[in-house]
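Data block below; observations after.
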Amino acid sequence: MSTTTTETKKDLKVSRIAEHIIGSEIIKLAAEVNEKIRNGEKIYNLTIGDFNPKIFPIPVGLKKAIISAYEEDETNYPAAEGMPDLRQAVSAFLKRKGGLDYKADEIVIAGGARPVIYAIFRALVDADDWVLFPVPSWNNNHYAYLNWAKQEAVETKAENEFMPKAADFAPFISKAGLVALCSPLNPTGTTFKKADLEEICDLILAENVIREKDNRKPVYLMYDQIYWNLTFGETKHYDPVSLRPAMRPYTVFVDGISKSLAATGVRVGWTFGPKKITDKIKSILTHVGAWAPKAEQVATARFMNDTIAYDAYLTDIRQKVHARLSAFHTGFQQLRSEGYAVNSITPEGAIYLTVQFHLHGQKTADGSTLATTRDITKYILDEAKVALVPFYAFGTSADSSWYRLSVGTCKLEDVADIMSNLRNALKKLSK
């Protein structure tokens with residue numbers, strides 16, 4: 001009898017977390033998209049929160065620095081909290097670009113933003129603590145689950161560009177242990193307005209005054225700003241500590257080069273915040289071994305210190321990403337003006353456009369009814385050859401008509417063809 005058959009009959013037991021962990025909806029959709037591509041269909045895959053390196057290569061200077069670091073044999077273990085030169089470079093970068101004053105010993109380097117987020121949850125969230133976060137948002141539910149935490153997911157509104165407001169959180173703040181926020185937001189590409197973020201900070205600060213009197217653990221804020229260097233036009237990025245310095249003891253940031261340098265596979269991210277917390281994060285990551293590779297750390301430090309090259313790359317990638325997002329936004333608004341039940345929200349940051357297909361109840365050419373969002377998603381994929389991620393993959397209600405459109409793998413010249421495909425698919429529907 002084969003090992004596989006034996007294991008199947010035994011119904012092997014695993015941990016409760018492993019047994020009940022939820023798979024990614026995005027990965028499920030990707031499997032369907034990839035199957036179509038393998039079968040020879042030309043699919044415009046706008047699902048991926050990543051970059052095609054042939055379209056968006058990493059900076060030339062960073063690539064050369066990585067190669068040089070390997071040639072210099074920088075291949076042993078890095079320092080547990082990150083290489084000193086890189087932590088110093090990050091400190092200088094935060095001060096120069098964001099006005100944030102964090103010393104090198106308040107910064108921890110890791111293998112991208114994911115281990116940073118995991119370690120922040122492990123450092124701040126106990127079993128049965130409540131994690132408060134808006135939806136749509138990326139993966140907060142999974143990190144809460146992995147920490148045995150309870151979840152309060154607050155669904156946001158299109159009229160607020162899917163960004164949360166203090167009033168959304170106020171009913172739950174008294175039980176929250178961690179508030180998880182992101183701006184620019186994945187999946188929407190929208191950002192916090194100054195007053196809205198200030199009001200959320202004030203809500204947290206007021207709650208922590210109460211908790212300090214009772215000597216209870218405060219409400220902490222995880223602020224994911226991994227996309228903050230990809231904002232467009234007049235959009236300004238705001239952070240909690242700059243707006244409310246009193247938030248400094250309670251705020252832990254998520255950041256890195258993954259998005260702004262199109263370097264998702266280079267795996268260099270960091271967190272910064274109160275030293276007591278970042279020291280604990282360092283210890284957690286030491287046991288996990290989730291370090292960024294040493295050569296990549298050495299190279300990133302060298303490139304970040306070349307401020308002219310760094311800023312030139314940021315200017316270039318912002319222009320290229322914004323051009324694509326704007327072209328799609330213009331295309332969706334044109335379809336809307338033609339009477340089709342679609343919409344989009346003006347892009348402000350990141351690599352995402354929020355788009356709507358309000359097609360529930362419409363009929364296809366063969367008489368089938370698009371009864372659910374899954375039906376609509378499949379119709380767009382099958383008929384228009386366009387793959388998008390529905391917002392329910394980011395925690396919203398299953399009947400939401402909104403989607404994430406990602407441009408990291410899209411050529412600018414493809415936008416016109418994609419919009420033409422969508423128009424033709426929409427023409428075939430009837431009410």
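Letters for chains follow the order of the structure tokens (A, B, ...), residue numbers begin at 1 for each chain, and ligand numbers begin at 1 in the order shown.
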
Name the residues of stretch 69-234 of chain A that come out as alpha helix (DSSP H) in a backbone DSSP run; write them as a PDB file with N, CA, C and O atoms, in the first residue's frame.
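The resulting result.pdb:
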```pdb
ATOM      1  N   ALA A  69      27.248  42.788  -3.791  1.00  0.00           N
ATOM      2  CA  ALA A  69      27.252  42.253  -2.424  1.00  0.00           C
ATOM      3  C   ALA A  69      27.498  40.745  -2.428  1.00  0.00           C
ATOM      4  O   ALA A  69      28.220  40.215  -1.574  1.00  0.00           O
ATOM      5  N   TYR A  70      26.917  40.033  -3.399  1.00  0.00           N
ATOM      6  CA  TYR A  70      27.189  38.600  -3.489  1.00  0.00           C
ATOM      7  C   TYR A  70      28.630  38.337  -3.910  1.00  0.00           C
ATOM      8  O   TYR A  70      29.286  37.407  -3.418  1.00  0.00           O
ATOM      9  N   GLU A  71      29.139  39.156  -4.827  1.00  0.00           N
ATOM     10  CA  GLU A  71      30.531  38.999  -5.248  1.00  0.00           C
ATOM     11  C   GLU A  71      31.497  39.278  -4.097  1.00  0.00           C
ATOM     12  O   GLU A  71      32.615  38.761  -4.061  1.00  0.00           O
ATOM     13  N   PRO A  84      23.410  47.084  10.406  1.00  0.00           N
ATOM     14  CA  PRO A  84      23.457  48.450  10.940  1.00  0.00           C
ATOM     15  C   PRO A  84      23.387  49.535   9.861  1.00  0.00           C
ATOM     16  O   PRO A  84      22.693  50.547  10.037  1.00  0.00           O
ATOM     17  N   ASP A  85      24.096  49.332   8.749  1.00  0.00           N
ATOM     18  CA  ASP A  85      24.083  50.353   7.694  1.00  0.00           C
ATOM     19  C   ASP A  85      22.680  50.530   7.112  1.00  0.00           C
ATOM     20  O   ASP A  85      22.285  51.651   6.773  1.00  0.00           O
ATOM     21  N   LEU A  86      21.931  49.435   6.991  1.00  0.00           N
ATOM     22  CA  LEU A  86      20.583  49.545   6.447  1.00  0.00           C
ATOM     23  C   LEU A  86      19.649  50.209   7.440  1.00  0.00           C
ATOM     24  O   LEU A  86      18.831  51.061   7.060  1.00  0.00           O
ATOM     25  N   ARG A  87      19.743  49.855   8.709  1.00  0.00           N
ATOM     26  CA  ARG A  87      18.873  50.502   9.692  1.00  0.00           C
ATOM     27  C   ARG A  87      19.159  52.006   9.765  1.00  0.00           C
ATOM     28  O   ARG A  87      18.238  52.814   9.906  1.00  0.00           O
ATOM     29  N   GLN A  88      20.431  52.368   9.620  1.00  0.00           N
ATOM     30  CA  GLN A  88      20.771  53.787   9.607  1.00  0.00           C
ATOM     31  C   GLN A  88      20.247  54.463   8.341  1.00  0.00           C
ATOM     32  O   GLN A  88      19.744  55.598   8.381  1.00  0.00           O
ATOM     33  N   ALA A  89      20.322  53.764   7.211  1.00  0.00           N
ATOM     34  CA  ALA A  89      19.801  54.314   5.954  1.00  0.00           C
ATOM     35  C   ALA A  89      18.293  54.494   6.019  1.00  0.00           C
ATOM     36  O   ALA A  89      17.749  55.494   5.536  1.00  0.00           O
ATOM     37  N   VAL A  90      17.587  53.534   6.622  1.00  0.00           N
ATOM     38  CA  VAL A  90      16.135  53.650   6.783  1.00  0.00           C
ATOM     39  C   VAL A  90      15.801  54.829   7.687  1.00  0.00           C
ATOM     40  O   VAL A  90      14.894  55.609   7.403  1.00  0.00           O
ATOM     41  N   SER A  91      16.548  54.972   8.777  1.00  0.00           N
ATOM     42  CA  SER A  91      16.331  56.097   9.692  1.00  0.00           C
ATOM     43  C   SER A  91      16.466  57.430   8.958  1.00  0.00           C
ATOM     44  O   SER A  91      15.618  58.324   9.104  1.00  0.00           O
ATOM     45  N   ALA A  92      17.523  57.568   8.163  1.00  0.00           N
ATOM     46  CA  ALA A  92      17.735  58.810   7.412  1.00  0.00           C
ATOM     47  C   ALA A  92      16.640  59.014   6.370  1.00  0.00           C
ATOM     48  O   ALA A  92      16.173  60.139   6.154  1.00  0.00           O
ATOM     49  N   PHE A  93      16.207  57.927   5.734  1.00  0.00           N
ATOM     50  CA  PHE A  93      15.158  58.010   4.710  1.00  0.00           C
ATOM     51  C   PHE A  93      13.837  58.471   5.321  1.00  0.00           C
ATOM     52  O   PHE A  93      13.143  59.336   4.759  1.00  0.00           O
ATOM     53  N   ALA A 113       7.336  42.674   4.190  1.00  0.00           N
ATOM     54  CA  ALA A 113       6.332  43.170   5.136  1.00  0.00           C
ATOM     55  C   ALA A 113       5.579  42.054   5.842  1.00  0.00           C
ATOM     56  O   ALA A 113       5.113  42.233   6.969  1.00  0.00           O
ATOM     57  N   ARG A 114       5.433  40.887   5.218  1.00  0.00           N
ATOM     58  CA  ARG A 114       4.622  39.825   5.826  1.00  0.00           C
ATOM     59  C   ARG A 114       5.176  39.354   7.172  1.00  0.00           C
ATOM     60  O   ARG A 114       4.432  39.284   8.155  1.00  0.00           O
ATOM     61  N   PRO A 115       6.464  38.994   7.267  1.00  0.00           N
ATOM     62  CA  PRO A 115       6.968  38.616   8.595  1.00  0.00           C
ATOM     63  C   PRO A 115       6.921  39.761   9.591  1.00  0.00           C
ATOM     64  O   PRO A 115       6.763  39.528  10.798  1.00  0.00           O
ATOM     65  N   VAL A 116       7.039  41.000   9.111  1.00  0.00           N
ATOM     66  CA  VAL A 116       6.901  42.155   9.993  1.00  0.00           C
ATOM     67  C   VAL A 116       5.502  42.178  10.604  1.00  0.00           C
ATOM     68  O   VAL A 116       5.329  42.329  11.822  1.00  0.00           O
ATOM     69  N   ILE A 117       4.485  42.028   9.767  1.00  0.00           N
ATOM     70  CA  ILE A 117       3.106  42.055  10.265  1.00  0.00           C
ATOM     71  C   ILE A 117       2.871  40.893  11.225  1.00  0.00           C
ATOM     72  O   ILE A 117       2.285  41.069  12.306  1.00  0.00           O
ATOM     73  N   TYR A 118       3.325  39.712  10.856  1.00  0.00           N
ATOM     74  CA  TYR A 118       3.161  38.553  11.733  1.00  0.00           C
ATOM     75  C   TYR A 118       3.798  38.815  13.097  1.00  0.00           C
ATOM     76  O   TYR A 118       3.197  38.531  14.148  1.00  0.00           O
ATOM     77  N   ALA A 119       5.009  39.362  13.095  1.00  0.00           N
ATOM     78  CA  ALA A 119       5.720  39.605  14.350  1.00  0.00           C
ATOM     79  C   ALA A 119       5.042  40.695  15.174  1.00  0.00           C
ATOM     80  O   ALA A 119       5.038  40.625  16.415  1.00  0.00           O
ATOM     81  N   ILE A 120       4.475  41.695  14.525  1.00  0.00           N
ATOM     82  CA  ILE A 120       3.746  42.736  15.260  1.00  0.00           C
ATOM     83  C   ILE A 120       2.544  42.125  15.975  1.00  0.00           C
ATOM     84  O   ILE A 120       2.291  42.392  17.160  1.00  0.00           O
ATOM     85  N   PHE A 121       1.802  41.281  15.270  1.00  0.00           N
ATOM     86  CA  PHE A 121       0.672  40.601  15.910  1.00  0.00           C
ATOM     87  C   PHE A 121       1.151  39.754  17.086  1.00  0.00           C
ATOM     88  O   PHE A 121       0.545  39.771  18.165  1.00  0.00           O
ATOM     89  N   ARG A 122       2.238  39.005  16.897  1.00  0.00           N
ATOM     90  CA  ARG A 122       2.730  38.148  17.972  1.00  0.00           C
ATOM     91  C   ARG A 122       3.189  38.964  19.175  1.00  0.00           C
ATOM     92  O   ARG A 122       3.055  38.535  20.321  1.00  0.00           O
ATOM     93  N   ALA A 123       3.755  40.136  18.912  1.00  0.00           N
ATOM     94  CA  ALA A 123       4.284  40.969  19.992  1.00  0.00           C
ATOM     95  C   ALA A 123       3.186  41.689  20.771  1.00  0.00           C
ATOM     96  O   ALA A 123       3.364  41.981  21.962  1.00  0.00           O
ATOM     97  N   LEU A 124       2.062  41.965  20.141  1.00  0.00           N
ATOM     98  CA  LEU A 124       1.055  42.843  20.752  1.00  0.00           C
ATOM     99  C   LEU A 124      -0.280  42.176  21.053  1.00  0.00           C
ATOM    100  O   LEU A 124      -1.064  42.708  21.832  1.00  0.00           O
ATOM    101  N   ASN A 140      -5.701  41.010   7.331  1.00  0.00           N
ATOM    102  CA  ASN A 140      -5.798  41.186   8.780  1.00  0.00           C
ATOM    103  C   ASN A 140      -6.542  40.024   9.421  1.00  0.00           C
ATOM    104  O   ASN A 140      -6.219  39.611  10.540  1.00  0.00           O
ATOM    105  N   ASN A 141      -7.538  39.506   8.718  1.00  0.00           N
ATOM    106  CA  ASN A 141      -8.297  38.379   9.268  1.00  0.00           C
ATOM    107  C   ASN A 141      -7.404  37.153   9.468  1.00  0.00           C
ATOM    108  O   ASN A 141      -7.531  36.437  10.469  1.00  0.00           O
ATOM    109  N   HIS A 142      -6.491  36.923   8.531  1.00  0.00           N
ATOM    110  CA  HIS A 142      -5.624  35.744   8.631  1.00  0.00           C
ATOM    111  C   HIS A 142      -4.598  35.896   9.755  1.00  0.00           C
ATOM    112  O   HIS A 142      -4.330  34.942  10.498  1.00  0.00           O
ATOM    113  N   TYR A 143      -4.026  37.090   9.901  1.00  0.00           N
ATOM    114  CA  TYR A 143      -3.053  37.292  10.977  1.00  0.00           C
ATOM    115  C   TYR A 143      -3.738  37.228  12.345  1.00  0.00           C
ATOM    116  O   TYR A 143      -3.152  36.714  13.310  1.00  0.00           O
ATOM    117  N   ALA A 144      -4.956  37.727  12.445  1.00  0.00           N
ATOM    118  CA  ALA A 144      -5.707  37.601  13.694  1.00  0.00           C
ATOM    119  C   ALA A 144      -5.961  36.129  14.006  1.00  0.00           C
ATOM    120  O   ALA A 144      -5.772  35.673  15.146  1.00  0.00           O
ATOM    121  N   TYR A 145      -6.366  35.386  12.989  1.00  0.00           N
ATOM    122  CA  TYR A 145      -6.636  33.957  13.180  1.00  0.00           C
ATOM    123  C   TYR A 145      -5.396  33.218  13.673  1.00  0.00           C
ATOM    124  O   TYR A 145      -5.457  32.388  14.590  1.00  0.00           O
ATOM    125  N   LEU A 146      -4.250  33.510  13.074  1.00  0.00           N
ATOM    126  CA  LEU A 146      -3.016  32.815  13.440  1.00  0.00           C
ATOM    127  C   LEU A 146      -2.572  33.125  14.861  1.00  0.00           C
ATOM    128  O   LEU A 146      -1.710  32.433  15.415  1.00  0.00           O
ATOM    129  N   ALA A 166     -13.518  57.469  12.302  1.00  0.00           N
ATOM    130  CA  ALA A 166     -13.555  57.226  13.745  1.00  0.00           C
ATOM    131  C   ALA A 166     -14.927  56.725  14.182  1.00  0.00           C
ATOM    132  O   ALA A 166     -15.029  55.852  15.051  1.00  0.00           O
ATOM    133  N   ALA A 167     -15.980  57.247  13.570  1.00  0.00           N
ATOM    134  CA  ALA A 167     -17.331  56.817  13.940  1.00  0.00           C
ATOM    135  C   ALA A 167     -17.552  55.340  13.656  1.00  0.00           C
ATOM    136  O   ALA A 167     -18.339  54.677  14.348  1.00  0.00           O
ATOM    137  N   ASP A 168     -16.862  54.794  12.652  1.00  0.00           N
ATOM    138  CA  ASP A 168     -16.971  53.372  12.347  1.00  0.00           C
ATOM    139  C   ASP A 168     -16.371  52.516  13.464  1.00  0.00           C
ATOM    140  O   ASP A 168     -16.843  51.409  13.749  1.00  0.00           O
ATOM    141  N   PHE A 169     -15.302  53.025  14.073  1.00  0.00           N
ATOM    142  CA  PHE A 169     -14.572  52.267  15.085  1.00  0.00           C
ATOM    143  C   PHE A 169     -15.056  52.522  16.508  1.00  0.00           C
ATOM    144  O   PHE A 169     -14.818  51.704  17.408  1.00  0.00           O
ATOM    145  N   LYS A 194      -6.497  63.846   6.164  1.00  0.00           N
ATOM    146  CA  LYS A 194      -5.858  64.268   7.409  1.00  0.00           C
ATOM    147  C   LYS A 194      -6.827  64.226   8.591  1.00  0.00           C
ATOM    148  O   LYS A 194      -6.537  63.649   9.646  1.00  0.00           O
ATOM    149  N   ALA A 195      -7.990  64.830   8.430  1.00  0.00           N
ATOM    150  CA  ALA A 195      -8.938  64.916   9.541  1.00  0.00           C
ATOM    151  C   ALA A 195      -9.432  63.542   9.978  1.00  0.00           C
ATOM    152  O   ALA A 195      -9.617  63.285  11.181  1.00  0.00           O
ATOM    153  N   ASP A 196      -9.625  62.637   9.026  1.00  0.00           N
ATOM    154  CA  ASP A 196     -10.125  61.311   9.363  1.00  0.00           C
ATOM    155  C   ASP A 196      -9.110  60.527  10.189  1.00  0.00           C
ATOM    156  O   ASP A 196      -9.471  59.849  11.161  1.00  0.00           O
ATOM    157  N   LEU A 197      -7.835  60.603   9.809  1.00  0.00           N
ATOM    158  CA  LEU A 197      -6.815  59.899  10.569  1.00  0.00           C
ATOM    159  C   LEU A 197      -6.626  60.549  11.941  1.00  0.00           C
ATOM    160  O   LEU A 197      -6.440  59.850  12.947  1.00  0.00           O
ATOM    161  N   GLU A 198      -6.692  61.860  11.990  1.00  0.00           N
ATOM    162  CA  GLU A 198      -6.589  62.548  13.286  1.00  0.00           C
ATOM    163  C   GLU A 198      -7.685  62.085  14.239  1.00  0.00           C
ATOM    164  O   GLU A 198      -7.439  61.839  15.433  1.00  0.00           O
ATOM    165  N   GLU A 199      -8.896  61.955  13.735  1.00  0.00           N
ATOM    166  CA  GLU A 199     -10.016  61.559  14.591  1.00  0.00           C
ATOM    167  C   GLU A 199      -9.863  60.124  15.097  1.00  0.00           C
ATOM    168  O   GLU A 199     -10.220  59.821  16.240  1.00  0.00           O
ATOM    169  N   ILE A 200      -9.322  59.237  14.266  1.00  0.00           N
ATOM    170  CA  ILE A 200      -9.072  57.872  14.724  1.00  0.00           C
ATOM    171  C   ILE A 200      -7.985  57.871  15.802  1.00  0.00           C
ATOM    172  O   ILE A 200      -8.094  57.170  16.817  1.00  0.00           O
ATOM    173  N   CYS A 201      -6.941  58.653  15.588  1.00  0.00           N
ATOM    174  CA  CYS A 201      -5.890  58.774  16.602  1.00  0.00           C
ATOM    175  C   CYS A 201      -6.464  59.296  17.919  1.00  0.00           C
ATOM    176  O   CYS A 201      -6.143  58.784  19.001  1.00  0.00           O
ATOM    177  N   ASP A 202      -7.307  60.306  17.838  1.00  0.00           N
ATOM    178  CA  ASP A 202      -7.906  60.877  19.054  1.00  0.00           C
ATOM    179  C   ASP A 202      -8.768  59.841  19.770  1.00  0.00           C
ATOM    180  O   ASP A 202      -8.815  59.805  21.011  1.00  0.00           O
ATOM    181  N   LEU A 203      -9.452  59.002  19.005  1.00  0.00           N
ATOM    182  CA  LEU A 203     -10.263  57.934  19.585  1.00  0.00           C
ATOM    183  C   LEU A 203      -9.378  56.960  20.372  1.00  0.00           C
ATOM    184  O   LEU A 203      -9.708  56.572  21.507  1.00  0.00           O
ATOM    185  N   ILE A 204      -8.251  56.581  19.792  1.00  0.00           N
ATOM    186  CA  ILE A 204      -7.315  55.673  20.457  1.00  0.00           C
ATOM    187  C   ILE A 204      -6.711  56.325  21.693  1.00  0.00           C
ATOM    188  O   ILE A 204      -6.617  55.709  22.767  1.00  0.00           O
ATOM    189  N   LEU A 205      -6.311  57.563  21.562  1.00  0.00           N
ATOM    190  CA  LEU A 205      -5.697  58.269  22.688  1.00  0.00           C
ATOM    191  C   LEU A 205      -6.672  58.409  23.855  1.00  0.00           C
ATOM    192  O   LEU A 205      -6.286  58.219  25.026  1.00  0.00           O
ATOM    193  N   ALA A 206      -7.913  58.718  23.555  1.00  0.00           N
ATOM    194  CA  ALA A 206      -8.915  58.861  24.625  1.00  0.00           C
ATOM    195  C   ALA A 206      -9.127  57.521  25.335  1.00  0.00           C
ATOM    196  O   ALA A 206      -9.244  57.479  26.573  1.00  0.00           O
ATOM    197  N   GLU A 207      -9.179  56.457  24.592  1.00  0.00           N
ATOM    198  CA  GLU A 207      -9.343  55.135  25.205  1.00  0.00           C
ATOM    199  C   GLU A 207      -8.135  54.786  26.059  1.00  0.00           C
ATOM    200  O   GLU A 207      -8.274  54.208  27.151  1.00  0.00           O
ATOM    201  N   ASN A 208      -6.950  55.168  25.612  1.00  0.00           N
ATOM    202  CA  ASN A 208      -5.748  54.823  26.372  1.00  0.00           C
ATOM    203  C   ASN A 208      -5.610  55.636  27.644  1.00  0.00           C
ATOM    204  O   ASN A 208      -4.969  55.188  28.606  1.00  0.00           O
ATOM    205  N   VAL A 209      -6.177  56.813  27.704  1.00  0.00           N
ATOM    206  CA  VAL A 209      -6.238  57.570  28.965  1.00  0.00           C
ATOM    207  C   VAL A 209      -7.022  56.773  30.001  1.00  0.00           C
ATOM    208  O   VAL A 209      -6.628  56.658  31.170  1.00  0.00           O
ATOM    209  N   ILE A 210      -8.127  56.200  29.577  1.00  0.00           N
ATOM    210  CA  ILE A 210      -8.953  55.384  30.483  1.00  0.00           C
ATOM    211  C   ILE A 210      -8.188  54.148  30.935  1.00  0.00           C
ATOM    212  O   ILE A 210      -8.175  53.793  32.123  1.00  0.00           O
ATOM    213  N   ARG A 211      -7.514  53.497  30.002  1.00  0.00           N
ATOM    214  CA  ARG A 211      -6.808  52.258  30.331  1.00  0.00           C
ATOM    215  C   ARG A 211      -5.603  52.499  31.229  1.00  0.00           C
ATOM    216  O   ARG A 211      -5.257  51.651  32.058  1.00  0.00           O
ATOM    217  N   GLU A 212      -4.966  53.643  31.057  1.00  0.00           N
ATOM    218  CA  GLU A 212      -3.807  53.948  31.900  1.00  0.00           C
ATOM    219  C   GLU A 212      -4.216  54.053  33.367  1.00  0.00           C
ATOM    220  O   GLU A 212      -3.480  53.614  34.261  1.00  0.00           O
ATOM    221  N   LYS A 213      -5.389  54.598  33.620  1.00  0.00           N
ATOM    222  CA  LYS A 213      -5.875  54.712  35.002  1.00  0.00           C
ATOM    223  C   LYS A 213      -6.088  53.343  35.622  1.00  0.00           C
ATOM    224  O   LYS A 213      -5.916  53.153  36.827  1.00  0.00           O
TER     225      LYS A 213
END
```

Q: Extract, using only C-alpha atoms, all DNA, RNA and protein residues at most 9 Å from A:Thr191, discarding same-chain residues fewer than 4 positions from it, and format them as a PyMOL selection string.
A: chain A and resi 161+163+182-185+231+235-238+348-349

**Q.** Residue nearest A:Asp306 - candidates A:Thr409, A:Ile17, A:Pro59, A:Gly23, atoms counted: only C-alpha atoms
**A.**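 Answer, going by the shortest atom-to-atom distance: A:Pro59.
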
Q | Distance criterion (only C-alpha atoms): nearest to A:Gly269 out of A:Asp224, A:Asp239, A:Asp11, A:Asp366 | A |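 Of A:Asp224, A:Asp239, A:Asp11, A:Asp366, the one nearest A:Gly269, counting only C-alpha atoms, is A:Asp224.
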
Q: Determine which residues of stretch 338-377 of chain A DSSP labels as strand (DSSP E) from the backbone of this structure, then write them out as a PyMOL selection string.
A: chain A and resi 342-344+352-357

Dump N, CA, C and O atoms for the selected residues as a PDB file, in the first residue's frame?
```pdb
ATOM      1  N   VAL A 342     -21.169  50.496 -14.433  1.00  0.00           N
ATOM      2  CA  VAL A 342     -19.821  50.377 -13.890  1.00  0.00           C
ATOM      3  C   VAL A 342     -19.421  51.712 -13.268  1.00  0.00           C
ATOM      4  O   VAL A 342     -20.064  52.742 -13.492  1.00  0.00           O
ATOM      5  N   ASN A 343     -18.352  51.672 -12.488  1.00  0.00           N
ATOM      6  CA  ASN A 343     -17.863  52.902 -11.877  1.00  0.00           C
ATOM      7  C   ASN A 343     -16.418  52.672 -11.447  1.00  0.00           C
ATOM      8  O   ASN A 343     -15.910  51.543 -11.482  1.00  0.00           O
ATOM      9  N   SER A 344     -15.746  53.732 -11.048  1.00  0.00           N
ATOM     10  CA  SER A 344     -14.392  53.642 -10.503  1.00  0.00           C
ATOM     11  C   SER A 344     -14.159  54.848  -9.608  1.00  0.00           C
ATOM     12  O   SER A 344     -14.838  55.873  -9.727  1.00  0.00           O
ATOM     13  N   TYR A 352      -3.353  50.149  -7.341  1.00  0.00           N
ATOM     14  CA  TYR A 352      -4.706  49.626  -7.460  1.00  0.00           C
ATOM     15  C   TYR A 352      -5.729  50.694  -7.836  1.00  0.00           C
ATOM     16  O   TYR A 352      -5.625  51.849  -7.418  1.00  0.00           O
ATOM     17  N   LEU A 353      -6.729  50.241  -8.595  1.00  0.00           N
ATOM     18  CA  LEU A 353      -7.894  51.055  -8.894  1.00  0.00           C
ATOM     19  C   LEU A 353      -9.121  50.312  -8.377  1.00  0.00           C
ATOM     20  O   LEU A 353      -9.267  49.107  -8.601  1.00  0.00           O
ATOM     21  N   THR A 354      -9.993  51.025  -7.677  1.00  0.00           N
ATOM     22  CA  THR A 354     -11.253  50.461  -7.224  1.00  0.00           C
ATOM     23  C   THR A 354     -12.286  50.630  -8.325  1.00  0.00           C
ATOM     24  O   THR A 354     -12.568  51.761  -8.750  1.00  0.00           O
ATOM     25  N   VAL A 355     -12.832  49.510  -8.786  1.00  0.00           N
ATOM     26  CA  VAL A 355     -13.811  49.551  -9.881  1.00  0.00           C
ATOM     27  C   VAL A 355     -15.067  48.794  -9.472  1.00  0.00           C
ATOM     28  O   VAL A 355     -15.026  47.900  -8.614  1.00  0.00           O
ATOM     29  N   GLN A 356     -16.176  49.137 -10.107  1.00  0.00           N
ATOM     30  CA  GLN A 356     -17.462  48.523  -9.785  1.00  0.00           C
ATOM     31  C   GLN A 356     -18.106  47.944 -11.040  1.00  0.00           C
ATOM     32  O   GLN A 356     -18.128  48.584 -12.092  1.00  0.00           O
ATOM     33  N   PHE A 357     -18.648  46.739 -10.893  1.00  0.00           N
ATOM     34  CA  PHE A 357     -19.518  46.145 -11.895  1.00  0.00           C
ATOM     35  C   PHE A 357     -20.847  45.839 -11.199  1.00  0.00           C
ATOM     36  O   PHE A 357     -20.991  44.812 -10.534  1.00  0.00           O
TER      37      PHE A 357
END
```

Q. What is the atom CA of A:Thr156 to atom CA of A:Leu405 distance in Å?
A. 18.2 Å

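Using only C-alpha atoms, the shortest contact distance between A:Leu388 and any of A:Glu155, A:Asp128, A:Glu25, A:Asp414 is found at A:Glu25.
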
Q | Non-local contacts of A:Ile43 (7 Å; only C-alpha atoms; under 4 positions in same chain excluded) as a list in words | A |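 The filter keeps Ile37, Lys385 and Val386 of chain A.
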
Q) Counting only C-alpha atoms, which of A:Leu285, A:Ile418, A:Ile376, A:Met304 gets nearest to A:Lys42? A) A:Ile418

**Q.** A:Ile67, A:Met83, A:Ile351, A:Leu359 ranked by distance to A:Ile226, top pick (using only C-alpha atoms)
**A.**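 Of A:Ile67, A:Met83, A:Ile351, A:Leu359, the one nearest A:Ile226, counting only C-alpha atoms, is A:Ile351.
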
**Q.** Exercise: A:Leu314 partners within 9 Å, only C-alpha atoms, chain neighbours under 5 positions left out, as an MDAnalysis selection string
**A.** chainID A and resid 229:230 260:261 309 319

Q: Please provide the set of residues having any atom within 12 Å of A:Leu412, restricted to only C-alpha atoms, with same-chain residues fewer than 6 positions apart removed, written as an MDAnalysis selection string.
A: chainID A and resid 55:56 319:328 418:419

Q.
What's around stretch 72-74 of chain A at 8 Å? Count only C-alpha atoms, leave out sequence neighbours fewer than 2 positions away in its own chain, and write the answer as a VMD selection string.
A. chain A and resid 68 to 70 76 294 to 295 298

How would the residues just picked look written out with C-alpha atoms as a compact mmCIF listing (two decimals), in the first residue's frame?
```txt
# COMPACT_ATOMS: atom_id res chain seq x y z
CA SER A 68 28.27 43.32 -5.94
CA ALA A 69 27.25 42.25 -2.42
CA TYR A 70 27.19 38.60 -3.49
CA ASN A 76 26.39 34.64 6.07
CA LYS A 294 22.32 39.79 4.00
CA ALA A 295 23.45 40.67 0.48
CA VAL A 298 23.82 45.52 2.18
```

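Residues in contact with A:Leu29 at 12 Å, where only C-alpha atoms are counted and same-chain residues fewer than 6 positions away are skipped, are listed as A:Gly23, A:Glu35, A:Lys36, A:Asn45, A:Leu46, A:Thr47, A:Ile48, A:Arg374, A:Thr377, A:Lys378, A:Leu381, A:Val386, A:Ala387, A:Leu388, A:Val389, A:Pro390, A:Ala393.
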
Q: For atom CA of A:Lys64 and atom CA of A:Tyr310, quote the distance in Å rounded to one decimal.
A: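 Separating atom CA of A:Lys64 from atom CA of A:Tyr310 is a distance of 13.6 Å.
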
Q.
From the options A:Ala371, A:Glu32, A:Asp101, A:Thr190, which residue's atoms come nearest to A:Pro245, counting only C-alpha atoms?
A.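 Comparing A:Ala371, A:Glu32, A:Asp101, A:Thr190 against A:Pro245, the winner is A:Asp101.
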